[in-house]
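**Q** One structure follows; several queries about it will come next.
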Amino acid sequence: MKSEVKNILLVGVGGQGTILASKILSEALVSAGYDVKMSEVHGMSQRGGNVSTQIRYGGKVYSPIIGVGETDVIVAFEKMEALRWIGYLKPDGRIVVNDFEIPSAPILMGDAPYPEGIIEALGAVADVLVVKAAEIAEALGNARVMNIVLLGALVKALGVEDVDWQSNINANVKAGFEEINYKAFKAGYDI
Amino acid sequence: MKALMSGNEAVARGAYEAGVGFASAYPGTPSTEILESLVGYEDGPYCEWAPNEKVALEAAIGASVAGLRSMAAMKHVGVNVAADPLFTFAYTGVNGGCVLVSADDPGMHSSQNEQDNRNYAEAARVLMLNPSDSSEAKGYMKLGLELSERFDTPVMLHMTTRVCHSKSLVEPKGRKEMPLIPYGKNIAKYVATPANAAVMRKKLEERLEAMEAYANTAQVNRPEYNGYAVGVITSGVAYQYAKEAFGEDTSFLKLGMAFPIPSALIKEFASKVKKLYVVEEMDPYLERHVRRLGIACEGKSLIPKYGELNADVIRKAVSGTESKSLSVDIDAAARPPVLCAGCPHRGFFYALGKRKNIIVTGDIGCYTLGSAPPLSSIDTVLCMGASISMGHGAAKAMRRAGGTYKIVAVIGDSTFFHTGIGSLTNAVYNNSDSVSVILDNRITGMTGHQQNPGTGFTLSGEPAAEVDVEKLCLAIGVKGANIYTVNPLDIGETGKALDDAIAKEEPTVIIARWPCILKRFSAQDKDEFDLSPRRCEISQGLCRKCKSCVRTGCPAIRSAESIEIDAGSCTGCAVCKQACPFGAIVEVQR
């Protein structure tokens, strides 16, 4: 059973909607019959810090958290966060990187540069899928569905089947926003 | 049907199902969501925020004496505040079952220390349960209430960050209403005078024996035999990690009770396995007990004594094996938390930073970020309420020894109501010349916007009496002329109040009053403060790139080739505008 547990890491910056994406995914995995554990770090993230959600699913899951070098799929909602968490990826895992920059405090103050060449550097060591989720979301008419575009790309990378994604999304988004969120999911899935 | 719940939601569910009638808490990460979740059950218990953890526990004890099942929830350091009632509550025992939830924070994700509150259970001699996931969190909450009534003892439920904030599957059941247990006057039981307490003390030892006998047969203390070469004694979330780190032929003694410790069960388990490990987060709490029984084991000689554990850490500690990990040559820049764009604390700290020859004693809350660069204003942070009392002591020491520093203490509204009022009373009573600043942002900010006695609303959103901070300071004895109420976003007004107060040789208070920018504004907020949507812009022609605005530390301002204000995140607080010496920043309506 142990070998069947899959590990997913969603990383980003407070306010990017990682928690909603994690919630939809976790509930979908439960509905598909898996044992699921999901772990969030709360606290100061609302104040511009980095955020991470860990999801583990399989026949039987013990630990709610993932160790270094053990993640099957990482989704970085922000590019520099992909860099921060790459050590958690399995050598044969996949990392989905949103080509989107949110400068942190030292960068804003001009004390540190935003690192250049992140995607190239990651591509040299890992299987990287680059997603321009902000552009896709804006083309759909709402920049805020960027998180659901990334969820779609993640689900494709995971290869989870037999899940009614549409109803899981509908159950978790605000009334009136079901259609655009499902479109965003499809757009991410079809990349 | 099973549902995904966080450990905190599961504790609330357990309290709901077990018929808890009264619940109180003071918010604190990682415990806050317990009461926030419990108050959501329409047919659930009465729930409230208390001004501090001691009050929360005492109120829960009162509800227990009155005959209802009750609970109090708090973070680990909150139990320090509530320790006074806790230790004697262990003597009196309960009427309705009562559970104190202690949420510890190994690794200090959001705390000033990482104390291991299992030690409290042993020191106070109260039964303690420690769940390892959400399903157990719910089950142990219910069991705790039953055991509290069965053994006539308060029960502690020991949670940790990863149990509180990770979600796993829970099977919800219905609520069982608990009728009020009839109250019978019983002075010998509830009045802890020395004479009565001496009798209670003896009974406490008898109760301990009964609880330990229970511990040796309790289902929550569970041996899992898979082989006899290696055995692991473990508890809490460390059990989940150890299950992954050790092989499938490892046996486990999973202890769901942290106190009393089941000595007979441990001896039996230890006698069956060849090599024994004790795997636990933080202190060698179980290990000490195992060694006291004369049993050889490996524990903290291998497993880290502090910080969080996980399966990797245990695997590396025990077998030296590590997973292969990827690395790249580029480093990510740090992403520390910062005061939000539009935060009223920024203006205050900017003004404070301009004052020289002062020591700033700080406190616990968002404004602790005033210690971070570029504001770097705060000199000390210790515990809830310490700013004003430490400031008073420092001021007295300076005056006594001829030191030249003046002291400015900064404390938030919720922290002031928590334990700051006593500290201010002391500073005034003993005629301090320290300046006490109450950063009143009209909400408990850091833990995610909980109401408090100054906001005018209760936990359930009902209108409530509101502490008038200015009148309170007057009543404590601060002279009217020494109380300054300012808008902290007005740097000139705030600076002038600081200069005036610092110059005085008697107790002074500055109330910096402006709502948290992330708060859902009340009708009163909208009436009192100008919260109209606006933003600031930089006229690039006038900007000389002196970076005065950048040094406010606002995350809406970016300094690169040019200095720009992000239109999306700027709230128009205009602190940068006041910091700019060249008039290059203008306010525009949204």
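Just so we're on the same page: first chain in the structure tokens is A, next is B, and so on; residues restart at 1 for each chain, and ligands are numbered from 1 in the order they show up.
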Starting from chain A, keep only residues with some atom at most 6 Å from an atom of chain B, counting only C-alpha atoms, and report them as a compact mmCIF listing (two decimals) with N, CA, C and O atoms, in the first residue's frame.
**A**
# COMPACT_ATOMS: atom_id res chain seq x y z
N LYS A 37 -4.89 12.90 2.91
CA LYS A 37 -4.51 13.85 3.96
C LYS A 37 -4.00 15.11 3.29
O LYS A 37 -3.29 15.05 2.28
N MET A 38 -4.38 16.24 3.87
CA MET A 38 -4.00 17.53 3.28
C MET A 38 -3.52 18.42 4.42
O MET A 38 -4.13 18.47 5.47
N SER A 39 -2.41 19.06 4.20
CA SER A 39 -1.83 19.86 5.28
C SER A 39 -1.51 21.26 4.80
O SER A 39 -0.94 21.45 3.73
N GLU A 40 -1.92 22.24 5.60
CA GLU A 40 -1.70 23.64 5.22
C GLU A 40 -0.85 24.30 6.29
O GLU A 40 -0.93 23.94 7.44
N GLY A 43 -1.20 31.05 9.46
CA GLY A 43 -0.48 32.00 10.29
C GLY A 43 -0.17 33.27 9.55
O GLY A 43 -1.08 34.01 9.23
N ARG A 47 0.09 37.84 5.31
CA ARG A 47 0.88 39.07 5.29
C ARG A 47 1.98 39.01 4.23
O ARG A 47 3.06 39.52 4.43
N GLY A 48 1.74 38.31 3.11
CA GLY A 48 2.68 38.34 2.00
C GLY A 48 3.73 37.24 2.03
O GLY A 48 4.63 37.24 1.19
N GLY A 49 3.64 36.32 2.98
CA GLY A 49 4.61 35.24 3.04
C GLY A 49 4.28 34.13 2.05
O GLY A 49 3.25 34.19 1.37
N TYR A 62 -0.50 7.72 6.08
CA TYR A 62 -0.18 8.01 7.48
C TYR A 62 0.20 9.48 7.65
O TYR A 62 -0.59 10.30 8.07
N SER A 63 1.44 9.81 7.29
CA SER A 63 1.93 11.18 7.53
C SER A 63 1.15 12.21 6.72
O SER A 63 0.90 12.01 5.53
N GLY A 67 8.13 14.58 2.66
CA GLY A 67 9.55 14.84 2.92
C GLY A 67 10.27 15.33 1.67
O GLY A 67 9.74 15.32 0.56
N GLY A 69 12.46 15.40 -1.52
CA GLY A 69 12.69 14.41 -2.57
C GLY A 69 11.58 13.40 -2.75
O GLY A 69 11.79 12.34 -3.33
N MET A 80 9.21 31.94 -8.53
CA MET A 80 10.32 31.84 -7.58
C MET A 80 10.03 30.76 -6.52
O MET A 80 10.95 30.16 -5.97
N LEU A 83 11.40 27.44 -7.37
CA LEU A 83 12.81 27.35 -7.02
C LEU A 83 12.98 26.95 -5.55
O LEU A 83 13.80 26.11 -5.20
N ARG A 84 12.16 27.58 -4.71
CA ARG A 84 12.27 27.35 -3.27
C ARG A 84 11.96 25.89 -2.91
O ARG A 84 12.51 25.34 -1.98
N GLY A 87 13.63 21.06 -4.16
CA GLY A 87 14.24 19.97 -3.39
C GLY A 87 13.23 18.93 -2.93
O GLY A 87 13.60 17.80 -2.59
N SER A 104 9.05 39.55 -3.81
CA SER A 104 8.94 39.55 -2.34
C SER A 104 9.57 40.83 -1.79
O SER A 104 10.16 41.61 -2.53
N LEU A 108 11.27 43.99 -3.72
CA LEU A 108 10.55 45.26 -3.84
C LEU A 108 11.43 46.42 -3.37
O LEU A 108 11.39 47.51 -3.94
N MET A 109 12.21 46.17 -2.34
CA MET A 109 13.03 47.25 -1.79
C MET A 109 14.33 47.44 -2.56
O MET A 109 15.13 48.30 -2.23
N GLY A 110 14.53 46.58 -3.57
CA GLY A 110 15.74 46.70 -4.36
C GLY A 110 16.97 46.10 -3.69
O GLY A 110 18.09 46.33 -4.11
**Q** Can you tell me, as a list in words, what residues are no more than 12 Å from Asn168 (chain A) when counting only C-alpha atoms, ignoring any on the same chain fewer than 4 positions away?
**A** Leu20, Ala21, Ser22, Lys23, Ile24, Leu25, Ser26, Glu27, Ala28, Leu29, Val30, Ser31, Ala32, Ile148, Val163, Asp164, Asn172, Val173, Glu178, Asn181, Tyr182 and Phe185 of chain A
**Q** From a DSSP pass on the backbone, collect the residues of region 392-520 of chain B flagged as strand (DSSP E) and hand them back as a list in words.
**A** Lys406, Ile407, Val408, Ala409, Val410, Ile411, Gly412, Val435, Ser436, Val437, Ile438, Leu439, Asp440, Ile483, Tyr484, Thr485, Val486, Thr508, Val509, Ile510, Ile511, Ala512 and Arg513 of chain B
**Q** Do a neighbour search on Ala76 (chain A) at 7 Å with only C-alpha atoms, toss out local chain neighbours closer than 5 positions, and write the hits as a ChimeraX atom specification.
**A** /A:10-12,81-82,96-98
**Q** Would you please work out which residue, of A:Ile66, A:Leu89, A:Val51, A:Val131, is nearest to Ile119 (chain A) when using only C-alpha atoms?
**A** A:Val131
